[in-house]
>>> print(open('final-v6.cif').read())   # mmCIF, C-alpha atoms
data_upload
loop_
_atom_site.label_atom_id
_atom_site.label_comp_id
_atom_site.auth_asym_id
_atom_site.auth_seq_id
_atom_site.Cartn_x
_atom_site.Cartn_y
_atom_site.Cartn_z
CA PRO A 331 60.91 -3.42 -36.69
CA VAL A 332 59.40 -1.34 -33.89
CA THR A 333 56.88 -3.13 -31.78
CA SER A 334 54.46 -1.50 -29.38
CA THR A 335 53.09 -2.95 -26.20
CA THR A 336 49.70 -1.92 -24.88
CA TYR A 337 49.61 -1.55 -21.14
CA VAL A 338 46.26 -1.91 -19.37
CA ARG A 339 46.21 0.02 -16.13
CA GLN A 340 44.63 -2.11 -13.44
CA ARG A 341 42.23 -0.50 -11.08
CA PRO A 342 43.52 -0.33 -7.51
CA PRO A 343 41.70 -2.69 -5.14
CA ALA A 344 38.76 -1.31 -3.18
CA ARG A 345 39.78 -0.35 0.36
CA VAL A 346 37.90 -2.32 3.02
CA LEU A 347 37.50 -1.61 6.74
CA LEU A 348 36.66 -4.56 9.00
CA ALA A 349 34.67 -3.74 12.14
CA ASP A 350 34.15 -6.65 14.55
CA ASP A 351 34.92 -7.01 18.24
CA HIS A 352 36.43 -10.50 17.80
CA ALA A 353 40.01 -10.55 16.50
CA LEU A 354 39.67 -14.12 15.25
CA VAL A 355 36.61 -13.19 13.17
CA ARG A 356 38.47 -10.22 11.67
CA GLN A 357 41.40 -12.51 10.86
CA GLY A 358 39.09 -14.94 9.04
CA LEU A 359 37.38 -12.15 7.11
CA ARG A 360 40.72 -10.61 6.15
CA HIS A 361 41.91 -13.98 4.86
CA ILE A 362 38.81 -14.29 2.62
CA ILE A 363 38.96 -10.70 1.32
CA ASP A 364 42.71 -10.43 0.76
CA ALA A 365 42.65 -13.60 -1.37
CA THR A 366 41.04 -11.46 -4.12
CA THR A 367 42.76 -8.96 -6.41
CA ASP A 368 40.01 -6.31 -6.37
CA LEU A 369 39.53 -5.98 -2.60
CA LYS A 370 42.02 -5.19 0.15
CA VAL A 371 41.59 -4.85 3.90
CA VAL A 372 43.35 -1.63 4.89
CA ALA A 373 42.14 -1.28 8.49
CA GLU A 374 40.48 -3.15 11.35
CA VAL A 375 38.57 -1.84 14.36
CA GLY A 376 36.79 -3.48 17.28
CA ASP A 377 33.65 -1.36 17.73
CA GLY A 378 31.20 0.87 15.91
CA ALA A 379 32.52 4.18 17.24
CA ALA A 380 36.00 3.36 15.99
CA ALA A 381 34.52 2.41 12.61
CA VAL A 382 32.79 5.78 12.28
CA GLU A 383 36.01 7.56 13.26
CA ARG A 384 38.09 5.57 10.77
CA VAL A 385 35.64 6.17 7.90
CA GLY A 386 35.91 9.87 8.72
CA HIS A 387 39.52 9.81 7.46
CA GLY A 388 38.05 9.50 3.96
CA ASP A 389 40.02 6.61 2.49
CA ILE A 390 37.58 3.70 2.98
CA ASP A 391 35.39 2.39 0.13
CA LEU A 392 33.53 -0.31 2.06
CA VAL A 393 32.87 -1.12 5.72
CA VAL A 394 32.16 -4.75 6.58
CA MET A 395 30.59 -4.34 10.00
CA ASP A 396 29.25 -6.68 12.65
CA ILE A 397 25.88 -5.75 14.12
CA SER A 398 26.70 -6.65 17.76
CA MET A 399 29.67 -4.61 19.01
CA PRO A 400 30.52 -2.74 22.22
CA ARG A 401 30.51 1.05 22.66
CA MET A 402 28.49 1.55 19.49
CA THR A 403 26.68 -1.26 17.67
CA GLY A 404 26.89 -1.77 13.94
CA LEU A 405 23.37 -0.40 13.53
CA GLN A 406 24.21 2.72 15.53
CA ALA A 407 27.38 3.19 13.49
CA ALA A 408 25.43 2.77 10.23
CA ARG A 409 22.95 5.41 11.44
CA GLU A 410 25.79 7.83 12.21
CA LEU A 411 27.46 7.22 8.84
CA GLN A 412 24.13 7.80 7.09
CA ARG A 413 23.63 11.03 9.08
CA ARG A 414 27.06 12.27 7.98
CA GLY A 415 26.15 11.62 4.36
CA GLY A 416 29.35 9.90 3.29
CA LYS A 417 29.69 7.68 0.24
CA THR A 418 31.27 4.68 1.97
CA ALA A 419 29.27 1.51 1.31
CA VAL A 420 28.17 -0.46 4.38
CA LEU A 421 27.81 -4.22 4.48
CA MET A 422 26.35 -5.69 7.67
CA LEU A 423 27.60 -9.01 9.01
CA SER A 424 25.75 -10.91 11.71
CA MET A 425 25.13 -14.23 13.39
CA HIS A 426 21.51 -13.17 13.86
CA ASP A 427 18.90 -14.48 11.45
CA ASN A 428 16.61 -11.77 12.73
CA GLU A 429 14.05 -9.90 10.63
CA GLN A 430 14.19 -6.81 12.82
CA TYR A 431 17.97 -6.48 12.47
CA PHE A 432 17.74 -7.18 8.75
CA PHE A 433 15.11 -4.52 7.98
CA GLU A 434 16.72 -2.00 10.34
CA ALA A 435 20.09 -2.43 8.61
CA LEU A 436 18.56 -1.74 5.20
CA LYS A 437 16.65 1.25 6.56
CA LEU A 438 19.89 2.72 7.90
CA GLY A 439 21.57 2.62 4.51
CA ALA A 440 23.35 -0.73 4.51
CA VAL A 441 23.44 -2.19 1.00
CA GLY A 442 23.79 -5.77 2.11
CA TYR A 443 23.37 -8.22 4.96
CA VAL A 444 25.53 -11.35 5.19
CA HIS A 445 25.05 -14.17 7.67
CA LYS A 446 28.35 -15.09 9.34
CA SER A 447 27.68 -18.79 8.96
CA VAL A 448 27.99 -18.46 5.15
CA ALA A 449 30.57 -15.65 4.99
CA ASP A 450 33.09 -17.93 3.30
CA ARG A 451 30.59 -18.47 0.49
CA ASP A 452 28.83 -15.11 0.20
CA LEU A 453 31.18 -12.42 1.49
CA ILE A 454 33.10 -11.60 -1.70
CA THR A 455 29.96 -11.49 -3.85
CA ALA A 456 28.33 -9.27 -1.23
CA CYS A 457 31.32 -6.90 -1.10
CA ARG A 458 31.36 -6.50 -4.88
CA SER A 459 27.61 -5.91 -4.98
CA ALA A 460 27.85 -3.31 -2.22
CA LEU A 461 30.60 -1.43 -4.05
CA ARG A 462 28.38 -1.31 -7.15
CA GLY A 463 25.54 0.02 -5.01
CA GLU A 464 23.50 -3.12 -5.57
CA PRO A 465 21.73 -4.82 -2.64
CA PHE A 466 22.93 -8.22 -1.48
CA LEU A 467 20.70 -10.37 0.70
CA TYR A 468 21.49 -13.84 1.95
CA PRO A 469 18.87 -16.48 0.95
CA GLY A 470 17.14 -16.43 4.34
CA ALA A 471 16.69 -12.67 4.05
CA VAL A 472 15.13 -13.05 0.61
CA ALA A 473 12.63 -15.53 2.07
CA THR A 474 11.83 -12.98 4.79
CA LEU A 475 11.18 -10.27 2.20
CA ILE A 476 8.88 -12.55 0.23
CA ARG A 477 6.92 -13.51 3.36
CA ASP A 478 6.59 -9.84 4.30
CA TYR A 479 5.42 -8.88 0.80
CA LEU A 480 2.87 -11.68 0.65
CA GLY A 481 1.66 -10.84 4.15
CA ARG A 482 1.05 -7.23 3.17
CA GLY A 483 -0.71 -8.40 0.02
CA ARG A 484 -3.05 -10.62 2.04
CA GLU A 485 -3.72 -7.76 4.45
CA ALA A 486 -4.64 -5.41 1.59
CA THR A 487 -6.87 -8.09 0.07
CA ALA A 488 -8.58 -8.65 3.42
CA ASP A 489 -9.19 -4.90 3.73
CA ALA A 490 -10.60 -4.76 0.22
CA THR A 491 -13.09 -7.55 0.86
CA LEU A 492 -14.51 -5.49 3.73
CA LEU A 493 -15.69 -2.82 1.30
CA THR A 494 -18.88 -2.96 -0.71
CA PRO A 495 -18.77 -1.99 -4.41
CA ARG A 496 -20.51 1.29 -3.56
CA GLU A 497 -17.98 2.07 -0.82
CA GLU A 498 -15.18 1.44 -3.31
CA GLU A 499 -16.81 3.91 -5.71
CA VAL A 500 -17.04 6.53 -2.96
CA LEU A 501 -13.47 5.86 -1.85
CA LYS A 502 -12.18 6.29 -5.40
CA LEU A 503 -13.95 9.63 -5.80
CA ILE A 504 -12.79 10.87 -2.38
CA ALA A 505 -9.21 10.00 -3.31
CA GLU A 506 -9.60 11.85 -6.61
CA GLY A 507 -10.41 15.01 -4.63
CA HIS A 508 -14.16 15.30 -5.18
CA SER A 509 -16.26 17.03 -2.54
CA GLY A 510 -19.15 15.30 -0.79
CA LYS A 511 -21.68 17.21 -2.95
CA GLU A 512 -19.83 16.30 -6.18
CA ILE A 513 -19.76 12.63 -5.19
CA ALA A 514 -23.48 12.77 -4.38
CA ASP A 515 -24.21 14.25 -7.82
CA LEU A 516 -21.95 11.76 -9.66
CA LEU A 517 -23.43 8.70 -7.94
CA VAL A 518 -26.97 10.10 -7.70
CA LEU A 519 -27.00 9.84 -3.92
CA SER A 520 -27.95 12.22 -1.14
CA PRO A 521 -25.10 14.07 0.61
CA LYS A 522 -26.08 12.32 3.85
CA THR A 523 -25.65 8.91 2.22
CA VAL A 524 -22.23 9.91 0.91
CA GLU A 525 -21.22 11.09 4.39
CA ARG A 526 -22.40 7.76 5.85
CA HIS A 527 -20.29 5.85 3.31
CA ARG A 528 -17.28 8.03 4.18
CA ALA A 529 -17.75 7.35 7.90
CA ASN A 530 -18.05 3.61 7.22
CA LEU A 531 -14.82 3.68 5.16
CA LEU A 532 -12.88 5.38 7.94
CA GLU A 533 -14.20 2.93 10.53
CA LYS A 534 -13.64 -0.23 8.44
CA LEU A 535 -10.13 0.72 7.39
CA GLY A 536 -9.11 2.17 10.77
CA MET A 537 -8.28 5.56 9.28
CA LYS A 538 -8.95 9.12 10.41
CA ASP A 539 -9.04 11.45 7.40
CA ARG A 540 -9.15 11.96 3.62
CA LEU A 541 -5.35 11.85 3.30
CA GLU A 542 -5.15 8.34 4.75
CA LEU A 543 -8.01 7.20 2.51
CA THR A 544 -6.18 8.62 -0.51
CA ARG A 545 -2.95 6.82 0.39
CA TYR A 546 -4.90 3.59 0.79
CA ALA A 547 -6.57 4.07 -2.61
CA ILE A 548 -3.16 4.54 -4.26
CA ARG A 549 -1.66 1.53 -2.42
CA THR A 550 -4.49 -0.75 -3.50
CA GLY A 551 -4.55 0.49 -7.09
CA LEU A 552 -7.94 2.25 -7.04
CA ILE A 553 -6.24 5.40 -8.35
CA GLU A 554 -2.81 6.23 -9.73
CA PRO A 555 -0.48 8.53 -7.77
#
>>> encode(input="final-v6.cif", output="structure tokens")
Amino acid sequence: PVTSTTYVRQRPPARVLLADDHALVRQGLRHIIDATTDLKVVAEVGDGAAAVERVGHGDIDLVVMDISMPRMTGLQAARELQRRGGKTAVLMLSMHDNEQYFFEALKLGAVGYVHKSVADRDLITACRSALRGEPFLYPGAVATLIRDYLGRGREATADATLLTPREEEVLKLIAEGHSGKEIADLLVLSPKTVERHRANLLEKLGMKDRLELTRYAIRTGLIEP
């Protein structure tokens, strides 16, 4: 009898570039990454400029990059890679539990941020997430995001409590594009009263024009974008 064997072609491992100015750190990271079957370190560099140059060769899927490096920092390198518009995923690695670094890294296109102290635990999960285009944040970073979100929520609530119900009505109509005369007719007010409410809104909210008032109204849910 003739038997057939089905062969499943395995995907080649994702090609990883390590960028860190400490050889011992790179050695430790390589040991963690190369222990997997789906990831492989194919190159190492010691600064951000060298990382940008190496990615330019076009055969890197993921850069695991330290933030603090000589010649060009990890953040500067991430900015340059973003400017060039490549598709290489960037994962930032740092000893800094610093909100500014964290938010800046995300703004510059990094898809993850791993704290070096837990790299042995989180690095592989973070690499795989980055390659899927999914964000990875270490637990401390998640706590930072939550604090930031809640802080902005409290700020918006505090702003809202400054406004009287009538001012909210005027703000909503301004944001919907009504003229001062139309608002006066709709609310049965004099145009001067409407103008006074508008001036009060700008002063209370620290804004300078209709556009800023409209953005505020969308942000606080008074109108839909």
>>> atom_distance(input="final-v6.cif", atom1="atom CA of A:Asp450", atom2="atom CA of A:Leu392")
17.7 Å
>>> atom_distance(input="final-v6.cif", atom1="atom CA of A:Lys370", atom2="atom CA of A:Pro343")
5.9 Å
>>> closest_residue(input="final-v6.cif", among="A:Lys522, A:Arg345, A:His508, A:Arg458", to="A:Thr418", atoms="only C-alpha atoms")
A:Arg345
>>> closest_residue(input="final-v6.cif", among="A:Val375, A:Val518, A:Ile513, A:Val500", to="A:Leu532", atoms="only C-alpha atoms")
A:Val500
>>> resolve_selection(input="final-v6.cif", expression="the PyMOL selection byres ((chain A and resi 503) around 12)", output="mmCIF file with C-alpha atoms, in the frame of the given file")
data_model
loop_
_atom_site.group_PDB
_atom_site.id
_atom_site.type_symbol
_atom_site.label_atom_id
_atom_site.label_comp_id
_atom_site.auth_asym_id
_atom_site.auth_seq_id
_atom_site.Cartn_x
_atom_site.Cartn_y
_atom_site.Cartn_z
ATOM 1 C CA ARG A 496 -20.510 1.290 -3.560
ATOM 2 C CA GLU A 497 -17.980 2.070 -0.820
ATOM 3 C CA GLU A 498 -15.180 1.440 -3.310
ATOM 4 C CA GLU A 499 -16.810 3.910 -5.710
ATOM 5 C CA VAL A 500 -17.040 6.530 -2.960
ATOM 6 C CA LEU A 501 -13.470 5.860 -1.850
ATOM 7 C CA LYS A 502 -12.180 6.290 -5.400
ATOM 8 C CA ILE A 504 -12.790 10.870 -2.380
ATOM 9 C CA ALA A 505 -9.210 10.000 -3.310
ATOM 10 C CA GLU A 506 -9.600 11.850 -6.610
ATOM 11 C CA GLY A 507 -10.410 15.010 -4.630
ATOM 12 C CA HIS A 508 -14.160 15.300 -5.180
ATOM 13 C CA SER A 509 -16.260 17.030 -2.540
ATOM 14 C CA GLY A 510 -19.150 15.300 -0.790
ATOM 15 C CA LYS A 511 -21.680 17.210 -2.950
ATOM 16 C CA GLU A 512 -19.830 16.300 -6.180
ATOM 17 C CA ILE A 513 -19.760 12.630 -5.190
ATOM 18 C CA ALA A 514 -23.480 12.770 -4.380
ATOM 19 C CA ASP A 515 -24.210 14.250 -7.820
ATOM 20 C CA LEU A 516 -21.950 11.760 -9.660
ATOM 21 C CA LEU A 517 -23.430 8.700 -7.940
ATOM 22 C CA VAL A 524 -22.230 9.910 0.910
ATOM 23 C CA HIS A 527 -20.290 5.850 3.310
ATOM 24 C CA ARG A 528 -17.280 8.030 4.180
ATOM 25 C CA ARG A 540 -9.150 11.960 3.620
ATOM 26 C CA LEU A 543 -8.010 7.200 2.510
ATOM 27 C CA THR A 544 -6.180 8.620 -0.510
ATOM 28 C CA ALA A 547 -6.570 4.070 -2.610
ATOM 29 C CA LEU A 552 -7.940 2.250 -7.040
ATOM 30 C CA ILE A 553 -6.240 5.400 -8.350
#
>>> atom_distance(input="final-v6.cif", atom1="atom CA of A:Tyr443", atom2="atom CA of A:Gly404")
11.6 Å
>>> resolve_selection(input="final-v6.cif", expression="the PyMOL selection byres ((chain A and resi 373) around 9)", output="mmCIF file with C-alpha atoms, in the coordinates of the input")
data_model
loop_
_atom_site.group_PDB
_atom_site.id
_atom_site.type_symbol
_atom_site.label_atom_id
_atom_site.label_comp_id
_atom_site.auth_asym_id
_atom_site.auth_seq_id
_atom_site.Cartn_x
_atom_site.Cartn_y
_atom_site.Cartn_z
ATOM 1 C CA ARG A 345 39.780 -0.350 0.360
ATOM 2 C CA VAL A 346 37.900 -2.320 3.020
ATOM 3 C CA LEU A 347 37.500 -1.610 6.740
ATOM 4 C CA LEU A 348 36.660 -4.560 9.000
ATOM 5 C CA ALA A 349 34.670 -3.740 12.140
ATOM 6 C CA VAL A 371 41.590 -4.850 3.900
ATOM 7 C CA VAL A 372 43.350 -1.630 4.890
ATOM 8 C CA GLU A 374 40.480 -3.150 11.350
ATOM 9 C CA VAL A 375 38.570 -1.840 14.360
ATOM 10 C CA ARG A 384 38.090 5.570 10.770
ATOM 11 C CA ILE A 390 37.580 3.700 2.980
#
>>> closest_residue(input="final-v6.cif", among="A:Pro495, A:Gly358, A:Gly551, A:Gly376", to="A:Ile397", atoms="all atoms listed in the file")
A:Gly376
>>> closest_residue(input="final-v6.cif", among="A:Leu411, A:Ala365, A:Tyr546, A:Ser424", to="A:Gly388", atoms="all atoms listed in the file")
A:Leu411
>>> build_atoms(input="final-v6.cif", residues="stretch 337-363 of chain A", atoms="N, CA and C atoms", output="compact mmCIF listing (two decimals), keeping the file's coordinate frame")
# COMPACT_ATOMS: atom_id res chain seq x y z
N TYR A 337 49.69 -1.29 -22.58
CA TYR A 337 49.61 -1.55 -21.14
C TYR A 337 48.19 -1.21 -20.65
N VAL A 338 47.59 -2.13 -19.94
CA VAL A 338 46.26 -1.91 -19.37
C VAL A 338 46.44 -1.59 -17.89
N ARG A 339 46.05 -0.38 -17.52
CA ARG A 339 46.21 0.02 -16.13
C ARG A 339 45.13 -0.66 -15.29
N GLN A 340 45.57 -1.43 -14.31
CA GLN A 340 44.63 -2.11 -13.44
C GLN A 340 44.10 -1.16 -12.39
N ARG A 341 42.83 -1.30 -12.11
CA ARG A 341 42.23 -0.50 -11.08
C ARG A 341 42.79 -0.90 -9.72
N PRO A 342 43.07 0.06 -8.84
CA PRO A 342 43.52 -0.33 -7.51
C PRO A 342 42.40 -1.05 -6.75
N PRO A 343 42.75 -1.96 -5.87
CA PRO A 343 41.70 -2.69 -5.14
C PRO A 343 40.89 -1.75 -4.25
N ALA A 344 39.62 -2.09 -4.07
CA ALA A 344 38.76 -1.31 -3.18
C ALA A 344 39.25 -1.47 -1.75
N ARG A 345 39.24 -0.36 -0.99
CA ARG A 345 39.78 -0.35 0.36
C ARG A 345 38.68 -0.70 1.36
N VAL A 346 38.91 -1.76 2.12
CA VAL A 346 37.90 -2.32 3.02
C VAL A 346 38.31 -2.11 4.48
N LEU A 347 37.33 -1.69 5.29
CA LEU A 347 37.50 -1.61 6.74
C LEU A 347 36.70 -2.74 7.38
N LEU A 348 37.34 -3.51 8.25
CA LEU A 348 36.66 -4.56 9.00
C LEU A 348 36.33 -4.04 10.39
N ALA A 349 35.07 -4.16 10.80
CA ALA A 349 34.67 -3.74 12.14
C ALA A 349 33.97 -4.91 12.84
N ASP A 350 34.68 -5.53 13.78
CA ASP A 350 34.15 -6.65 14.55
C ASP A 350 34.93 -6.72 15.86
N ASP A 351 34.23 -7.02 16.95
CA ASP A 351 34.92 -7.01 18.24
C ASP A 351 35.68 -8.30 18.54
N HIS A 352 35.67 -9.26 17.61
CA HIS A 352 36.43 -10.50 17.80
C HIS A 352 37.60 -10.54 16.82
N ALA A 353 38.81 -10.56 17.35
CA ALA A 353 40.01 -10.55 16.50
C ALA A 353 40.07 -11.76 15.58
N LEU A 354 39.63 -12.91 16.07
CA LEU A 354 39.67 -14.12 15.25
C LEU A 354 38.72 -14.01 14.05
N VAL A 355 37.57 -13.40 14.27
CA VAL A 355 36.61 -13.19 13.17
C VAL A 355 37.23 -12.26 12.14
N ARG A 356 37.83 -11.16 12.60
CA ARG A 356 38.47 -10.22 11.67
C ARG A 356 39.57 -10.92 10.87
N GLN A 357 40.32 -11.78 11.54
CA GLN A 357 41.40 -12.51 10.86
C GLN A 357 40.83 -13.40 9.76
N GLY A 358 39.72 -14.08 10.04
CA GLY A 358 39.09 -14.94 9.04
C GLY A 358 38.54 -14.14 7.87
N LEU A 359 37.92 -13.00 8.17
CA LEU A 359 37.38 -12.15 7.11
C LEU A 359 38.50 -11.57 6.24
N ARG A 360 39.57 -11.15 6.89
CA ARG A 360 40.72 -10.61 6.15
C ARG A 360 41.29 -11.66 5.21
N HIS A 361 41.39 -12.89 5.68
CA HIS A 361 41.91 -13.98 4.86
C HIS A 361 41.06 -14.18 3.60
N ILE A 362 39.73 -14.12 3.76
CA ILE A 362 38.81 -14.29 2.62
C ILE A 362 38.95 -13.13 1.64
N ILE A 363 38.95 -11.89 2.17
CA ILE A 363 38.96 -10.70 1.32
C ILE A 363 40.30 -10.51 0.61
